[in-house]
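Trainee: Next up is a structure, given as C-alpha cells.
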Amino acid sequence: MEPPPTLDNIDFESDEEESPLTLSQSFHFETTTTTTSSHMKSQMFRKLHSTAFHSVYIVLFKAKINVLLPFGPLAVLLHYLTGSHGWVFFFSLLGIAPLAERLGYATEQLACYTGNTVGGLLNATFGNATEMIISIYALKNGMIRVVQQSLLGSILSNMLLVLGCAFFTGGIVHYPKVQRFNQTAAIVSSGLLLMAVMGILFPAVLHFTHTEVHFGKSELALSRFSSCVMLVAYASYLFFQLKSHANLYDSVDEERETNGDDSDDEEAPEITMWEAIAWLTVLTLWVSVLSGYLVDAIQGASDSWNMPVSFISVILLPIVGNAAEHASAIMFAMKDKLDITLGVAIGSSTQISMFVIPFCVVVGWIMGQPMDLNFQLFETATLFITVLVVAFMLQEGTSNYFKGLMLILCYLIVAASFFVHVDNKSDDD
C-alpha cells in the first residue's frame, strides 16, 4: 500500500514541474535586457560619433573661407624646409585669416548659452583674440613697435576700410534709400574712441616736448596709469551697454521687430556649449603657433619684399586679421542692418583701443617689457584725425555710398603714408 501523498511531496513535485518554464523566462528576460542595453550603447556611440563629425563639419568645412586653412601648416613646413621669411609670412597671414573668423564663430556659439553679460565679456576677450595673441608673442620677443603698430592698424582698418566698404556697398544696394542706424550708440562709441586718443596722445606729447619729471620713466608710468583707467572705463562701458542702459542699444532692434522686419534673426546654436569651448581652445592654440612664425618672419619679409616694417604692421597684418569682420560688416550692411555693422566695425575698434592696447601695456608691465602708450607723433596724429573723421560721419545717424567712398579713400591715403614712412624711434630718443 502506497503512502498517502504529503505536503512536502506535492510542493517538491510542483517546483520540479515549474522550474523549466521559470528558467526559460529568466533566460529570455536576461537576453532581452542584454540586447536592449547593447542597442542603447550602440545608439549612444552612433550619436556621439555623428555629433563629433557634425561639429567638425560645421567648424572646419562649412565656411568658404576655410579653404585657406591648409596654408597654416604649409607656412610651418616652409619655415623648416626653406627658411624663406617672405613666403612663411605670406602663408601664415593666409592661414590665420580663417582661424580669426572661426574664433569669432565659436565665440558667438558659446554666447548663445551664456547670456548677454557673459557674452559681452566673451566678445571682448575672444573677438580680437588674434590681435591679442600676436601682440603678446611680439611683446615676449621685445618687439614693442610691432605691437603698437599692428594694434593701431587694426583700429584704422576697422574704422576706415571695413566701415567704408560696408557703407559703400549698403548704399549702392539700397540706393536711393538713406540707411539709418542707432545714433546714440554711435555717439557713445565715438566718445570712447576720443578717450582712447587722449590716453595715447598725452604720453607722446610728454615725450616729445621733453617735459617729463624723469625722462623715459614718467612717460612709462603715465602709460601704465592711463591703461588701468582705460580698462576701468571699458568695464563700465560694458555694464552701461549690457545692463544699466541696454534699452538705448535695443531701441532700433525693437522698432524693427515691431514692424516684423527681423523675425528670422534668432538662430539656434549649431554646436553645443562644450564643443564651442573645445573649439575655442584648439583654435586659440593653433593661432598661437602660427603667430610665432608670423612675428618671427616680419623683419625677413620686410627685407625680401623691400617694404617698410611699419607698412606691414599697420596695413597688411590688420587687413588679414580683420578679413572675417570685413565680410560680415558688408553682409549686414547689404541686409540693411547697420546697427550690427557698427557693432562689428566701431565696436571692434573700441575693444582694441580701450581693452586690448591697455591690456598689452599691463601684460608688458608684468613681463618686464617697457610697453607704453607713446605710439610716436606720426601714428598718434593718424589715429586722432581718423577718429575725428569717423565721428563726423556718424553724428547724423545716417549713411550712404558717398560716406563709404570717403572713408575708403581716407584709408588709401593712410596706407600710402605708411608706405613712405620710415619708423626710426631711436632717433627721437
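Chain labels A, B, ... are given in the sequence in which chains occur in the C-alpha cells; within each chain residues are numbered consecutively from 1, and ligands are likewise numbered from 1 in the order shown.
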For range 84-93 of chain A, please output as an NGL selection string all residues within 9 Å (counting only C-alpha atoms; exclusion window: fewer than 5 positions along the same chain).
Mentor: :A and (71-79 or 290-291 or 293-305 or 316-317 or 320-321)
Trainee: Extract, using only C-alpha atoms, all DNA, RNA and protein residues at most 6 Å from range 215-224 of chain A, discarding same-chain residues fewer than 3 positions from it, and format them as a list in words.
Mentor: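 Returned residues: Pro203, Glu212, Ser227, Asp372 and Leu373 of chain A.
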Trainee: Restricting it to N, CA and C atoms, dump the selection as a PDB file, in the first residue's frame.
Mentor:
ATOM      1  N   PRO A 203      51.080 110.701 -23.463  1.00  0.00           N
ATOM      2  CA  PRO A 203      52.463 110.202 -23.330  1.00  0.00           C
ATOM      3  C   PRO A 203      53.370 110.636 -24.482  1.00  0.00           C
ATOM      4  N   GLU A 212      59.022 115.792 -19.157  1.00  0.00           N
ATOM      5  CA  GLU A 212      58.887 114.747 -18.142  1.00  0.00           C
ATOM      6  C   GLU A 212      59.697 115.099 -16.894  1.00  0.00           C
ATOM      7  N   SER A 227      46.437 103.247 -18.725  1.00  0.00           N
ATOM      8  CA  SER A 227      45.920 101.944 -19.176  1.00  0.00           C
ATOM      9  C   SER A 227      44.950 101.363 -18.152  1.00  0.00           C
ATOM     10  N   ASP A 372      54.498 101.007 -23.707  1.00  0.00           N
ATOM     11  CA  ASP A 372      53.821 102.217 -23.258  1.00  0.00           C
ATOM     12  C   ASP A 372      52.799 102.674 -24.300  1.00  0.00           C
ATOM     13  N   LEU A 373      52.169 103.802 -24.024  1.00  0.00           N
ATOM     14  CA  LEU A 373      51.159 104.355 -24.930  1.00  0.00           C
ATOM     15  C   LEU A 373      51.734 105.420 -25.851  1.00  0.00           C
TER      16      LEU A 373
END
Trainee: Considering only C-alpha atoms, tabulate each residue of range 162-261 of chain A that lies at most 10 Å from range 152-158 of chain A along with its nearest interatomic pair and the corresponding distance in Å to one decimal; arrange the rows by chain and ascending residue number and present them as CSV.
Mentor:
residue,atom,partner,partner_atom,distance
A:Val162,CA,A:Asn158,CA,4.8
A:Leu163,CA,A:Asn158,CA,6.2
A:Gly164,CA,A:Asn158,CA,8.7
A:Cys165,CA,A:Asn158,CA,10.0
A:Leu193,CA,A:Ile155,CA,9.7
Trainee: The selected residues should be written to file as an mmCIF file, in the first residue's frame (atoms: C-alpha atoms).
Mentor:
data_model
loop_
_atom_site.group_PDB
_atom_site.id
_atom_site.type_symbol
_atom_site.label_atom_id
_atom_site.label_comp_id
_atom_site.auth_asym_id
_atom_site.auth_seq_id
_atom_site.Cartn_x
_atom_site.Cartn_y
_atom_site.Cartn_z
ATOM 1 C CA VAL A 162 35.699 97.971 -43.007
ATOM 2 C CA LEU A 163 33.136 100.669 -42.190
ATOM 3 C CA GLY A 164 33.764 102.442 -45.508
ATOM 4 C CA CYS A 165 33.217 99.290 -47.580
ATOM 5 C CA LEU A 193 37.460 106.362 -29.097
#
Trainee: Sorted by chain and rising residue number, list the residues of range 124-220 of chain A at most 9 Å from range 386-392 of chain A (counting only C-alpha atoms), each with its closest atom pair and distance in Å to one decimal, as a tab-separated table.
Mentor:
residue	atom	partner	partner_atom	distance
A:Leu156	CA	A:Thr386	CA	7.1
A:Met159	CA	A:Val390	CA	6.9
A:Leu160	CA	A:Thr386	CA	7.6
A:Ala186	CA	A:Ala391	CA	8.2
A:Ile187	CA	A:Ala391	CA	7.5
A:Ser189	CA	A:Ala391	CA	8.9
A:Ser190	CA	A:Ala391	CA	5.7
A:Gly191	CA	A:Ala391	CA	8.5
A:Leu193	CA	A:Val387	CA	6.7
A:Leu194	CA	A:Val387	CA	6.8
A:Val197	CA	A:Val387	CA	8.1
Trainee: Could you please take those selected residues and save C-alpha atoms as a compact mmCIF listing (two decimals), in the first residue's frame?
Mentor:
# COMPACT_ATOMS: atom_id res chain seq x y z
CA LEU A 156 42.42 102.23 -38.65
CA MET A 159 37.16 102.46 -38.80
CA LEU A 160 38.09 103.40 -42.36
CA ALA A 186 27.44 105.60 -32.32
CA ILE A 187 27.98 108.76 -30.24
CA SER A 189 31.44 104.71 -29.15
CA SER A 190 32.87 107.90 -30.65
CA GLY A 191 33.33 109.29 -27.12
CA LEU A 193 37.46 106.36 -29.10
CA LEU A 194 38.25 110.00 -28.33
CA VAL A 197 43.11 109.04 -28.32
Trainee: Which polymer residues have any atom within 12 Å of an atom of Ile366 in chain A, counting only C-alpha atoms, with same-chain residues fewer than 4 positions away left out, as a list in words?
Mentor: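 Near neighbours after the sequence-gap exclusion: Ile136, Leu139, Lys140, Arg224, Phe359, Cys360, Val361, Val362, Pro370 and Met371 of chain A.
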Trainee: Just the number, please: distance in Å from CA of Val205 in chain A to CA of His421 in chain A, one decimal.
Mentor: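 Calculated distance between CA of Val205 in chain A and CA of His421 in chain A is 19.7 Å.
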Trainee: Please indicate the distance in Å from CA of Leu99 in chain A to CA of Met143 in chain A, rounded to one decimal place.
Mentor: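 A separation of 23.2 Å between them.
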Trainee: Looking only at alpha helix (DSSP H) from DSSP on the backbone, list the matching residues of range 106-208 of chain A as a ChimeraX atom specification.
Mentor: /A:106-114,116-126,129-140,144-156,163-173,183-208
Trainee: Of the candidates A:Thr114, A:Ser310, A:Gln395, A:Thr341, which shows the shortest atom-to-atom distance to Phe418 in chain A, using only C-alpha atoms?
Mentor: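 Using only C-alpha atoms, Phe418 in chain A sits closest to A:Ser310.
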Trainee: Rounded to one decimal place, report the CA of Tyr105 in chain A-CA of Ile277 in chain A distance in Å.
Mentor: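 Value for the CA of Tyr105 in chain A-CA of Ile277 in chain A distance: 11.5 Å.
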Trainee: For a quick check of understanding, using only C-alpha atoms, which of A:Ile319, A:Ile134, A:Val146, A:Val287 has the smallest distance to Ala100 in chain A?
Mentor: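 Answer, going by the shortest atom-to-atom distance: A:Val287.
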Trainee: Find the spatial neighbours of Phe168 in chain A, counting only C-alpha atoms, within a cut-off of 7 Å - ignore same-chain residues fewer than 4 positions away - and output them as number ranges by chain.
Mentor: A: 164, 172, 400-402, 404-405
